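Shown below: my_file-v2.csv, with CSV, C-alpha atoms.
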chain,number,residue,atom,x,y,z
B,1,MET,CA,22.1,-11.0,19.7
B,2,THR,CA,23.2,-12.3,23.1
B,3,HIS,CA,26.9,-11.6,22.4
B,4,GLN,CA,28.2,-8.0,22.1
B,5,THR,CA,26.5,-6.9,19.0
B,6,THR,CA,28.8,-5.5,16.3
B,7,VAL,CA,27.5,-2.4,14.6
B,8,ALA,CA,28.6,-0.7,11.3
B,9,ILE,CA,27.6,3.0,11.0
B,10,LEU,CA,27.7,4.3,7.5
B,11,GLY,CA,28.0,8.1,7.7
B,12,ALA,CA,30.0,10.1,10.2
B,13,GLY,CA,27.8,13.2,10.7
B,14,SER,CA,26.3,14.6,13.9
B,15,MET,CA,23.6,12.0,14.2
B,16,ALA,CA,26.2,9.2,13.8
B,17,GLU,CA,28.4,10.8,16.5
B,18,ALA,CA,25.4,11.1,18.8
B,19,LEU,CA,24.7,7.4,18.5
B,20,ILE,CA,28.3,6.5,19.0
B,21,GLY,CA,28.5,8.8,22.0
B,22,GLY,CA,25.4,7.3,23.6
B,23,ILE,CA,26.7,3.8,23.1
B,24,ALA,CA,30.1,4.7,24.4
B,25,LYS,CA,28.6,6.2,27.5
B,26,THR,CA,27.2,2.8,28.5
B,27,ASN,CA,30.6,1.2,27.7
B,28,GLY,CA,33.1,3.2,29.7
B,29,GLY,CA,33.4,5.9,27.1
B,30,LYS,CA,34.6,3.8,24.3
B,31,ALA,CA,32.9,1.7,21.5
B,32,PRO,CA,35.4,-0.5,19.9
B,33,HIS,CA,32.7,-2.9,18.6
B,34,ILE,CA,31.5,-0.1,16.3
B,35,THR,CA,32.9,0.3,12.8
B,36,VAL,CA,32.3,3.6,11.0
B,37,LEU,CA,32.7,4.5,7.3
B,38,ASN,CA,32.5,7.9,5.8
B,39,ALA,CA,33.5,7.9,2.1
B,40,ASN,CA,34.4,11.5,1.8
B,41,ASN,CA,36.2,12.6,5.0
B,42,ARG,CA,39.0,10.4,6.4
B,43,LYS,CA,39.9,13.2,8.9
B,44,ARG,CA,36.4,12.9,10.4
B,45,LEU,CA,36.8,9.1,10.9
B,46,ASN,CA,40.2,9.7,12.6
B,47,GLN,CA,38.5,12.1,15.0
B,48,LEU,CA,35.8,9.6,15.9
B,49,HIS,CA,38.4,6.9,16.4
B,50,ALA,CA,40.4,9.1,18.8
B,51,ALA,CA,37.3,10.2,20.7
B,52,TYR,CA,35.5,6.8,21.0
B,53,GLY,CA,37.8,4.1,20.0
B,54,VAL,CA,35.6,3.1,17.0
B,55,HIS,CA,37.2,1.2,14.1
B,56,ALA,CA,37.5,3.5,11.0
B,57,ALA,CA,36.8,1.4,7.9
B,58,GLN,CA,38.1,2.2,4.4
B,59,SER,CA,35.5,0.3,2.3
B,60,TYR,CA,31.9,-0.9,2.4
B,61,GLU,CA,33.2,-4.5,2.5
B,62,GLU,CA,35.4,-3.8,5.5
B,63,ALA,CA,32.6,-1.9,7.3
B,64,VAL,CA,29.7,-4.4,6.9
B,65,LYS,CA,31.3,-7.8,6.6
B,66,GLY,CA,30.3,-9.9,9.6
B,67,LYS,CA,28.5,-7.1,11.4
B,68,ASP,CA,25.2,-7.8,13.1
B,69,VAL,CA,23.7,-4.4,12.4
B,70,ILE,CA,24.3,-1.8,9.7
B,71,VAL,CA,23.0,1.8,10.5
B,72,LEU,CA,22.5,4.0,7.5
B,73,ALA,CA,23.2,7.4,9.0
B,74,ILE,CA,23.3,9.3,5.7
B,75,LYS,CA,21.2,11.8,3.8
B,76,PRO,CA,18.1,10.5,2.1
B,77,HIS,CA,19.4,11.3,-1.4
B,78,ASN,CA,22.4,9.0,-0.8
B,79,VAL,CA,20.6,6.0,0.5
B,80,GLN,CA,19.9,4.2,-2.9
B,81,GLU,CA,23.5,4.6,-4.0
B,82,VAL,CA,24.8,3.2,-0.7
B,83,ALA,CA,22.2,0.4,-0.9
B,84,ASP,CA,23.4,-0.5,-4.3
B,85,SER,CA,27.0,-0.8,-2.9
B,86,LEU,CA,25.7,-3.1,-0.1
B,87,VAL,CA,23.7,-5.6,-2.2
B,88,SER,CA,26.5,-8.0,-2.8
B,89,LEU,CA,27.8,-7.7,0.7
B,90,LEU,CA,24.8,-8.2,3.0
B,91,ASN,CA,23.6,-11.5,4.5
B,92,PRO,CA,19.8,-11.0,4.9
B,93,GLN,CA,19.6,-14.1,7.2
B,94,LYS,CA,22.0,-12.6,9.7
B,95,GLN,CA,22.2,-8.8,9.4
B,96,LEU,CA,19.8,-6.0,10.3
B,97,VAL,CA,19.7,-2.7,8.5
B,98,ILE,CA,18.5,0.4,10.4
B,99,SER,CA,17.9,3.6,8.4
B,100,VAL,CA,17.7,7.0,10.0
B,101,ALA,CA,17.2,8.7,6.6
B,102,ALA,CA,14.1,10.9,6.8
B,103,GLY,CA,11.1,10.0,4.6
B,104,ILE,CA,12.3,6.8,2.9
B,105,LYS,CA,9.7,4.1,3.5
B,106,LEU,CA,10.4,0.6,4.6
B,107,GLU,CA,9.0,-0.8,1.4
B,108,THR,CA,11.4,1.3,-0.6
B,109,LEU,CA,14.4,0.4,1.5
B,110,GLU,CA,13.5,-3.3,1.2
B,111,SER,CA,13.3,-3.0,-2.6
B,112,TRP,CA,16.8,-1.5,-2.7
B,113,LEU,CA,18.4,-4.2,-0.6
B,114,PRO,CA,18.7,-8.0,-1.1
B,115,ALA,CA,15.5,-9.9,-0.8
B,116,ASP,CA,14.3,-10.6,2.7
B,117,THR,CA,16.6,-8.1,4.3
B,118,ALA,CA,15.5,-7.1,7.9
B,119,VAL,CA,15.0,-3.4,7.9
B,120,ILE,CA,14.0,-1.0,10.7
B,121,ARG,CA,13.3,2.8,10.3
B,122,ALA,CA,14.4,5.1,13.0
B,123,MET,CA,13.6,8.8,13.4
B,124,PRO,CA,15.7,10.3,16.2
B,125,ASN,CA,15.9,14.1,16.7
B,126,THR,CA,18.8,16.4,17.4
B,127,SER,CA,18.4,16.2,21.1
B,128,ALA,CA,20.3,13.0,20.7
B,129,HIS,CA,23.4,15.2,21.1
B,130,VAL,CA,22.5,15.6,24.8
B,131,LEU,CA,21.2,12.0,25.1
B,132,ALA,CA,17.6,13.3,25.1
B,133,SER,CA,16.2,12.3,21.7
B,134,ALA,CA,12.6,11.3,21.2
B,135,THR,CA,13.2,8.5,18.7
B,136,THR,CA,10.5,6.7,16.7
B,137,LEU,CA,10.9,3.2,15.3
B,138,SER,CA,9.0,1.2,12.7
B,139,ILE,CA,9.7,-2.4,11.9
B,140,GLY,CA,9.9,-3.8,8.4
B,141,THR,CA,8.5,-7.0,6.9
B,142,TYR,CA,11.4,-9.3,7.7
B,143,ALA,CA,12.8,-7.8,11.0
B,144,THR,CA,12.2,-9.9,14.1
B,145,GLU,CA,11.1,-8.9,17.5
B,146,ARG,CA,14.6,-9.7,18.8
B,147,GLN,CA,16.0,-7.3,16.3
B,148,LEU,CA,13.4,-4.7,17.2
B,149,ALA,CA,14.4,-5.1,20.9
B,150,PHE,CA,18.1,-4.4,19.9
B,151,ALA,CA,17.1,-1.3,18.0
B,152,LYS,CA,15.1,-0.1,21.1
B,153,THR,CA,18.2,-0.7,23.2
B,154,LEU,CA,20.5,1.1,20.8
B,155,PHE,CA,18.3,4.2,20.5
B,156,SER,CA,17.5,4.2,24.2
B,157,SER,CA,21.2,5.1,24.7
B,158,ILE,CA,20.4,8.5,23.3
B,159,GLY,CA,17.0,9.1,24.8
B,160,THR,CA,13.5,7.6,24.7
B,161,VAL,CA,12.1,5.3,22.1
B,162,THR,CA,8.5,4.9,20.8
B,163,VAL,CA,7.5,2.1,18.3
B,164,VAL,CA,4.8,3.0,15.8
B,165,ASP,CA,3.2,1.6,12.7
B,166,GLU,CA,4.9,3.0,9.7
B,167,GLN,CA,1.8,5.0,8.6
B,168,GLN,CA,2.3,7.1,11.7
B,169,MET,CA,6.0,7.8,11.0
B,170,ASP,CA,5.3,11.0,9.0
B,171,ALA,CA,3.3,12.3,12.0
B,172,ALA,CA,6.0,11.4,14.4
B,173,THR,CA,8.6,13.1,12.1
B,174,GLY,CA,6.5,16.3,12.2
B,175,ILE,CA,6.1,16.2,15.9
B,176,ALA,CA,9.4,14.8,17.3
B,177,GLY,CA,11.8,14.9,14.3
B,178,SER,CA,11.2,18.6,13.7
B,179,GLY,CA,10.0,19.3,17.2
B,180,PRO,CA,13.2,20.7,18.8
B,181,ALA,CA,13.2,23.4,16.1
B,182,TYR,CA,9.8,24.6,17.3
B,183,ILE,CA,11.0,25.0,20.8
B,184,TYR,CA,14.1,26.9,19.6
B,185,TYR,CA,11.8,29.1,17.6
B,186,VAL,CA,9.7,30.0,20.7
B,187,ALA,CA,12.9,30.5,22.6
B,188,GLU,CA,14.1,33.0,20.0
B,189,ALA,CA,10.9,35.0,20.4
B,190,MET,CA,11.3,35.0,24.1
B,191,LEU,CA,14.9,36.1,23.8
B,192,ASN,CA,14.1,38.9,21.4
B,193,ALA,CA,11.3,40.1,23.7
B,194,ALA,CA,13.5,39.9,26.8
B,195,ILE,CA,16.2,42.0,25.2
B,196,ALA,CA,13.7,44.5,24.0
B,197,GLU,CA,12.5,44.8,27.6
B,198,GLY,CA,16.0,45.6,28.8
B,199,LEU,CA,17.5,42.3,29.9
B,200,SER,CA,21.0,41.4,28.7
B,201,PRO,CA,21.3,38.5,26.3
B,202,ALA,CA,23.1,36.5,29.0
B,203,GLU,CA,20.4,37.2,31.6
B,204,ALA,CA,17.7,36.4,29.1
B,205,ARG,CA,19.2,33.1,28.1
B,206,ALA,CA,19.7,32.0,31.7
B,207,LEU,CA,16.0,32.7,32.5
B,208,ILE,CA,14.7,31.2,29.2
B,209,ASN,CA,16.8,28.0,29.3
B,210,GLN,CA,15.8,27.2,32.9
B,211,THR,CA,12.1,28.1,32.2
B,212,ILE,CA,11.9,25.8,29.2
B,213,GLY,CA,13.8,23.0,30.9
B,214,GLY,CA,11.6,23.3,34.0
B,215,ALA,CA,8.4,23.3,32.0
B,216,ALA,CA,9.5,20.2,30.2
B,217,LYS,CA,10.3,18.5,33.4
B,218,GLN,CA,6.9,19.5,34.9
B,219,LEU,CA,5.1,18.3,31.8
B,220,SER,CA,7.0,14.9,32.0
B,221,ASN,CA,6.3,14.4,35.7
B,222,SER,CA,2.6,15.5,35.7
B,223,SER,CA,-0.5,13.6,34.6
B,224,LYS,CA,-2.2,16.9,33.8
B,225,SER,CA,-2.8,18.1,30.3
B,226,PRO,CA,-0.7,21.0,28.9
B,227,LYS,CA,-3.9,23.2,29.0
B,228,ASP,CA,-4.4,22.4,32.7
B,229,LEU,CA,-0.8,23.3,33.5
B,230,TYR,CA,-0.9,26.7,31.8
B,231,LYS,CA,-4.2,27.5,33.3
B,232,GLU,CA,-2.8,26.9,36.7
B,233,ILE,CA,-0.3,29.7,36.1
B,234,MET,CA,-3.0,32.1,35.0
B,235,SER,CA,-4.7,34.3,37.6
B,236,PRO,CA,-7.6,36.8,36.8
B,237,ASN,CA,-6.2,39.9,35.2
B,238,GLY,CA,-2.7,38.7,35.7
B,239,THR,CA,0.4,38.7,33.5
B,240,THR,CA,0.0,35.2,32.1
B,241,GLU,CA,-3.7,35.7,31.3
B,242,ALA,CA,-2.7,38.8,29.3
B,243,ALA,CA,-0.1,36.9,27.3
B,244,ILE,CA,-2.4,33.9,26.6
B,245,ALA,CA,-5.3,36.1,25.7
B,246,HIS,CA,-3.1,37.9,23.1
B,247,LEU,CA,-1.9,34.5,21.7
B,248,ASP,CA,-5.5,33.2,21.5
B,249,HIS,CA,-6.7,36.5,19.8
B,250,SER,CA,-3.9,36.0,17.2
B,251,SER,CA,-4.9,32.3,16.6
B,252,ALA,CA,-1.3,31.4,17.5
B,253,GLN,CA,-2.2,27.8,18.5
B,254,GLU,CA,-4.0,27.2,15.2
B,255,LEU,CA,-1.1,28.6,13.3
B,256,PHE,CA,1.3,26.3,15.2
B,257,GLN,CA,-0.9,23.3,14.5
B,258,GLN,CA,-1.0,24.2,10.8
B,259,ALA,CA,2.8,24.5,10.8
B,260,ILE,CA,3.1,21.0,12.2
B,261,HIS,CA,0.7,19.7,9.5
B,262,GLN,CA,3.0,21.2,6.9
B,263,ALA,CA,6.0,19.3,8.3
B,264,VAL,CA,4.0,16.1,8.2
B,265,LYS,CA,3.0,16.7,4.6
B,266,ARG,CA,6.6,17.4,3.7
B,267,SER,CA,7.7,14.1,5.3
B,268,ALA,CA,5.1,12.3,3.2
B,269,ALA,CA,6.2,14.1,0.1
B,270,ILE,CA,9.8,13.2,0.6
B,271,GLY,CA,8.8,9.5,0.8
B,272,ALA,CA,6.7,9.7,-2.3
B,273,SER,CA,9.5,11.3,-4.3
B,274,PHE,CA,11.6,8.2,-3.7
B,275,GLU,CA,8.7,5.9,-4.7
B,276,ARG,CA,8.6,7.7,-8.0
B,277,ASP,CA,12.2,6.9,-8.7
B,278,PRO,CA,13.0,3.7,-10.6
B,279,ILE,CA,13.0,0.9,-8.0
B,280,HIS,CA,14.8,-2.3,-8.6
B,281,LYS,CA,14.1,-5.3,-6.5
B,282,HIS,CA,17.1,-7.4,-5.7
B,283,GLN,CA,16.5,-11.1,-5.8
Show this structure as structure tokens.
Amino acid sequence: MTHQTTVAILGAGSMAEALIGGIAKTNGGKAPHITVLNANNRKRLNQLHAAYGVHAAQSYEEAVKGKDVIVLAIKPHNVQEVADSLVSLLNPQKQLVISVAAGIKLETLESWLPADTAVIRAMPNTSAHVLASATTLSIGTYATERQLAFAKTLFSSIGTVTVVDEQQMDAATGIAGSGPAYIYYVAEAMLNAAIAEGLSPAEARALINQTIGGAAKQLSNSSKSPKDLYKEIMSPNGTTEAAIAHLDHSSAQELFQQAIHQAVKRSAAIGASFERDPIHKHQ
């Protein structure tokens, strides 16, 4: 993939646009080498064309023919139907398929696509919208290291990339895929408490947004553990100690860990549900 790699993105939702926007940012704001197909919303395709210069396809054949990479940016329950539409169109020796559909395992994807198709799973998160995603990648049976390198470059345009063995993908989904929601949940609690204590919503949001952003930056720039960092803020009989003591008494950290385990279990269950579906191996 030494030439300008051509990419087809199937789906035109928020994650697809985040990818397009990240790629366009490294290409002068436009991405004419990207083709997008969205079967149900032509107006949306026209919007993406106007914003980023992408080519708006009208059929699967037009979208994927001759492209180096096909990104499945669609909901999990639509993936098998789309895969069926691609079977007669893909060239497994020359094309890479990247799926961002949560839960669907590489083995399942490979069974729905032509034999020997190179497949990579990707799990970005919604911080992709501000080019700050924590994306996890897993490589399939037939994908090459060169194709993995391209996938890393692609998703690096919207944040950081970590490559894991697929058995760790459910854990990564529970931590990073769902992770932004946990932070927003904590921010909501902080906002409600701030308003109850007399701050205006605008004042509270300004303080909370900067506090969360600053803490994330400190965590990224420090070699210290999260525990070390919060203990540094605590002074004997001080305000932070009072808050942390209450959280510890309420077993808040244990509850939070249990919540993450539930997310991991759900990711595994989603994958298992597709395994139970009739799977047809294309030869």
| field | d(atom CA of B:Ile212, atom CA of B:Pro226) in Å | value | 13.5 Å
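Minimum atom-to-atom distance to B:Ile74, evaluated using all atoms listed in the file, belongs to B:Ala16 out of B:Val130, B:Leu90, B:Leu154, B:Ala16.
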| said: Which polymer residues, whether protein, DNA or RNA, lie within 12 Å of the coordinate (12.2, -8.1, 13.3) when you count all atoms listed in the file? List them as a list in words, using the chain letters and numbers from the file. | reply: Pro92, Gln93, Lys94, Gln95, Leu96, Val97, Ile98, Asp116, Thr117, Ala118, Val119, Ile120, Arg121, Leu137, Ser138, Ile139, Gly140, Thr141, Tyr142, Ala143, Thr144, Glu145, Arg146, Gln147, Leu148, Ala149, Phe150, Ala151 and Lys152 of chain B
| said: If I take atom CA of B:Lys75 and atom CA of B:Gly179, how far is one from the other in Å, to one decimal? | reply: 19.0 Å
| query | Got a sec to check which residues sit within 8 Å of (30.7, 11.4, 19.0), counting all atoms listed in the file, and write them as an NGL selection string? | reply | :B and (14 or 16-21 or 48 or 51-52)
| message | So that I can see what lies close to B:Ala176, please list as a VMD selection string the residues with an atom at most 9 Å from it, counting only C-alpha atoms and leaving out residues fewer than 2 positions away in the same chain. | response | chain B and resid 123 to 125 133 to 136 171 to 174 178 to 180
| said: When you count all atoms listed in the file, which of these residues is closest to B:Gly177: B:Val264, B:Asn91, B:Leu113, B:Leu199? | reply: B:Val264
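Considering only C-alpha atoms, the residue among B:Ala31, B:Ala206, B:Leu37, B:Ala215 positioned nearest to B:Thr5 is B:Ala31.
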| Polymer residues at most 12 Å from B:Leu89, all atoms listed in the file, same-chain spacing of 6 or more positions, as a list in words | Ser59, Tyr60, Glu61, Glu62, Ala63, Val64, Lys65, Gly66, Lys67, Ile70, Val82, Ala83, Gln95, Leu113, Pro114 and Thr117 of chain B
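Interatomic distance, atom CA of B:Lys43 against atom CA of B:Asp84: 25.2 Å.
Considering the residues B:Lys105, B:Lys224, B:His129, B:His249 and counting all atoms listed in the file, B:Ala269 has its shortest atom-to-atom contact with B:Lys105.
Omitting B:Ile183 and its sequence neighbours fewer than 6 positions away, and counting all atoms listed in the file, the residues within 12 Å are Ser127, Ile175, Ala176, Ala189, Met190, Ile208, Asn209, Thr211, Ile212, Gly213, Ala215, Ala216 and Phe256 of chain B.
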| request: Quick one: everything within 7 Å of B:Pro32, counting only C-alpha atoms, minus sequence neighbours fewer than 4 positions away in the same chain. Send it as a list in words. | output: Gly53, Val54 and His55 of chain B
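Closest approach to B:Glu110 among B:Val36, B:Val79, B:Ala128, B:Ile158 is made by B:Val79 (distances from only C-alpha atoms).
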| request: Go through B:Gln218, B:Thr26, B:Gln58, B:Ser235 one by one, measure the shortest atom-to-atom distance of each to B:Asn38 using only C-alpha atoms, and give the residue with the smallest value. | output: B:Gln58
Quick one: residues within 12 Å of B:Asn78, only C-alpha atoms, excluding same-chain residues fewer than 2 positions away - as a PDB file with C-alpha atoms, keeping the file's coordinate frame?
ATOM      1  CA  LEU B  10      27.700   4.300   7.500  1.00  0.00           C
ATOM      2  CA  GLY B  11      28.000   8.100   7.700  1.00  0.00           C
ATOM      3  CA  ALA B  39      33.500   7.900   2.100  1.00  0.00           C
ATOM      4  CA  LEU B  72      22.500   4.000   7.500  1.00  0.00           C
ATOM      5  CA  ALA B  73      23.200   7.400   9.000  1.00  0.00           C
ATOM      6  CA  ILE B  74      23.300   9.300   5.700  1.00  0.00           C
ATOM      7  CA  LYS B  75      21.200  11.800   3.800  1.00  0.00           C
ATOM      8  CA  PRO B  76      18.100  10.500   2.100  1.00  0.00           C
ATOM      9  CA  GLN B  80      19.900   4.200  -2.900  1.00  0.00           C
ATOM     10  CA  GLU B  81      23.500   4.600  -4.000  1.00  0.00           C
ATOM     11  CA  VAL B  82      24.800   3.200  -0.700  1.00  0.00           C
ATOM     12  CA  ALA B  83      22.200   0.400  -0.900  1.00  0.00           C
ATOM     13  CA  ASP B  84      23.400  -0.500  -4.300  1.00  0.00           C
ATOM     14  CA  SER B  85      27.000  -0.800  -2.900  1.00  0.00           C
ATOM     15  CA  SER B  99      17.900   3.600   8.400  1.00  0.00           C
ATOM     16  CA  VAL B 100      17.700   7.000  10.000  1.00  0.00           C
ATOM     17  CA  ALA B 101      17.200   8.700   6.600  1.00  0.00           C
ATOM     18  CA  ALA B 102      14.100  10.900   6.800  1.00  0.00           C
ATOM     19  CA  ILE B 104      12.300   6.800   2.900  1.00  0.00           C
ATOM     20  CA  LEU B 109      14.400   0.400   1.500  1.00  0.00           C
ATOM     21  CA  PHE B 274      11.600   8.200  -3.700  1.00  0.00           C
TER      22      PHE B 274
END
Please return stretch 208-227 of chain B, rebuilt to N, CA, C and O atoms, as a CSV table (one decimal), in the frame of the given file.
chain,number,residue,atom,x,y,z
B,208,ILE,N,15.5,31.9,30.2
B,208,ILE,CA,14.7,31.2,29.2
B,208,ILE,C,15.1,29.7,29.3
B,208,ILE,O,14.2,28.8,29.2
B,209,ASN,N,16.4,29.4,29.3
B,209,ASN,CA,16.8,28.0,29.3
B,209,ASN,C,16.2,27.2,30.5
B,209,ASN,O,15.8,26.1,30.4
B,210,GLN,N,16.3,27.9,31.7
B,210,GLN,CA,15.8,27.2,32.9
B,210,GLN,C,14.3,27.1,32.8
B,210,GLN,O,13.7,26.1,33.2
B,211,THR,N,13.6,28.1,32.3
B,211,THR,CA,12.1,28.1,32.2
B,211,THR,C,11.7,27.0,31.3
B,211,THR,O,10.8,26.2,31.6
B,212,ILE,N,12.3,26.8,30.1
B,212,ILE,CA,11.9,25.8,29.2
B,212,ILE,C,12.2,24.4,29.7
B,212,ILE,O,11.4,23.5,29.7
B,213,GLY,N,13.4,24.3,30.3
B,213,GLY,CA,13.8,23.0,30.9
B,213,GLY,C,12.9,22.6,32.1
B,213,GLY,O,12.5,21.5,32.2
B,214,GLY,N,12.5,23.6,32.9
B,214,GLY,CA,11.6,23.3,34.0
B,214,GLY,C,10.2,23.0,33.6
B,214,GLY,O,9.6,22.1,34.2
B,215,ALA,N,9.8,23.7,32.6
B,215,ALA,CA,8.4,23.3,32.0
B,215,ALA,C,8.4,21.9,31.5
B,215,ALA,O,7.4,21.2,31.6
B,216,ALA,N,9.4,21.6,30.7
B,216,ALA,CA,9.5,20.2,30.2
B,216,ALA,C,9.5,19.2,31.3
B,216,ALA,O,8.9,18.1,31.2
B,217,LYS,N,10.2,19.4,32.3
B,217,LYS,CA,10.3,18.5,33.4
B,217,LYS,C,8.9,18.4,34.1
B,217,LYS,O,8.5,17.3,34.4
B,218,GLN,N,8.3,19.5,34.3
B,218,GLN,CA,6.9,19.5,34.9
B,218,GLN,C,6.0,18.7,34.1
B,218,GLN,O,5.1,17.9,34.5
B,219,LEU,N,6.0,19.0,32.7
B,219,LEU,CA,5.1,18.3,31.8
B,219,LEU,C,5.4,16.8,31.9
B,219,LEU,O,4.4,16.0,31.8
B,220,SER,N,6.6,16.4,31.9
B,220,SER,CA,7.0,14.9,32.0
B,220,SER,C,6.5,14.3,33.3
B,220,SER,O,6.1,13.1,33.3
B,221,ASN,N,6.6,15.0,34.4
B,221,ASN,CA,6.3,14.4,35.7
B,221,ASN,C,4.8,14.6,36.1
B,221,ASN,O,4.4,14.0,37.1
B,222,SER,N,4.0,15.3,35.3
B,222,SER,CA,2.6,15.5,35.7
B,222,SER,C,1.7,14.7,34.8
B,222,SER,O,2.0,14.5,33.6
B,223,SER,N,0.6,14.3,35.4
B,223,SER,CA,-0.5,13.6,34.6
B,223,SER,C,-1.5,14.6,34.0
B,223,SER,O,-2.4,14.2,33.2
B,224,LYS,N,-1.3,15.9,34.3
B,224,LYS,CA,-2.2,16.9,33.8
B,224,LYS,C,-1.9,17.2,32.4
B,224,LYS,O,-0.8,17.1,31.9
B,225,SER,N,-2.9,17.7,31.7
B,225,SER,CA,-2.8,18.1,30.3
B,225,SER,C,-2.0,19.4,30.2
B,225,SER,O,-1.9,20.2,31.2
B,226,PRO,N,-1.4,19.7,29.0
B,226,PRO,CA,-0.7,21.0,28.9
B,226,PRO,C,-1.6,22.2,29.2
B,226,PRO,O,-1.2,23.2,29.8
B,227,LYS,N,-2.9,22.1,28.8
B,227,LYS,CA,-3.9,23.2,29.0
B,227,LYS,C,-4.1,23.4,30.5
B,227,LYS,O,-4.1,24.5,31.1
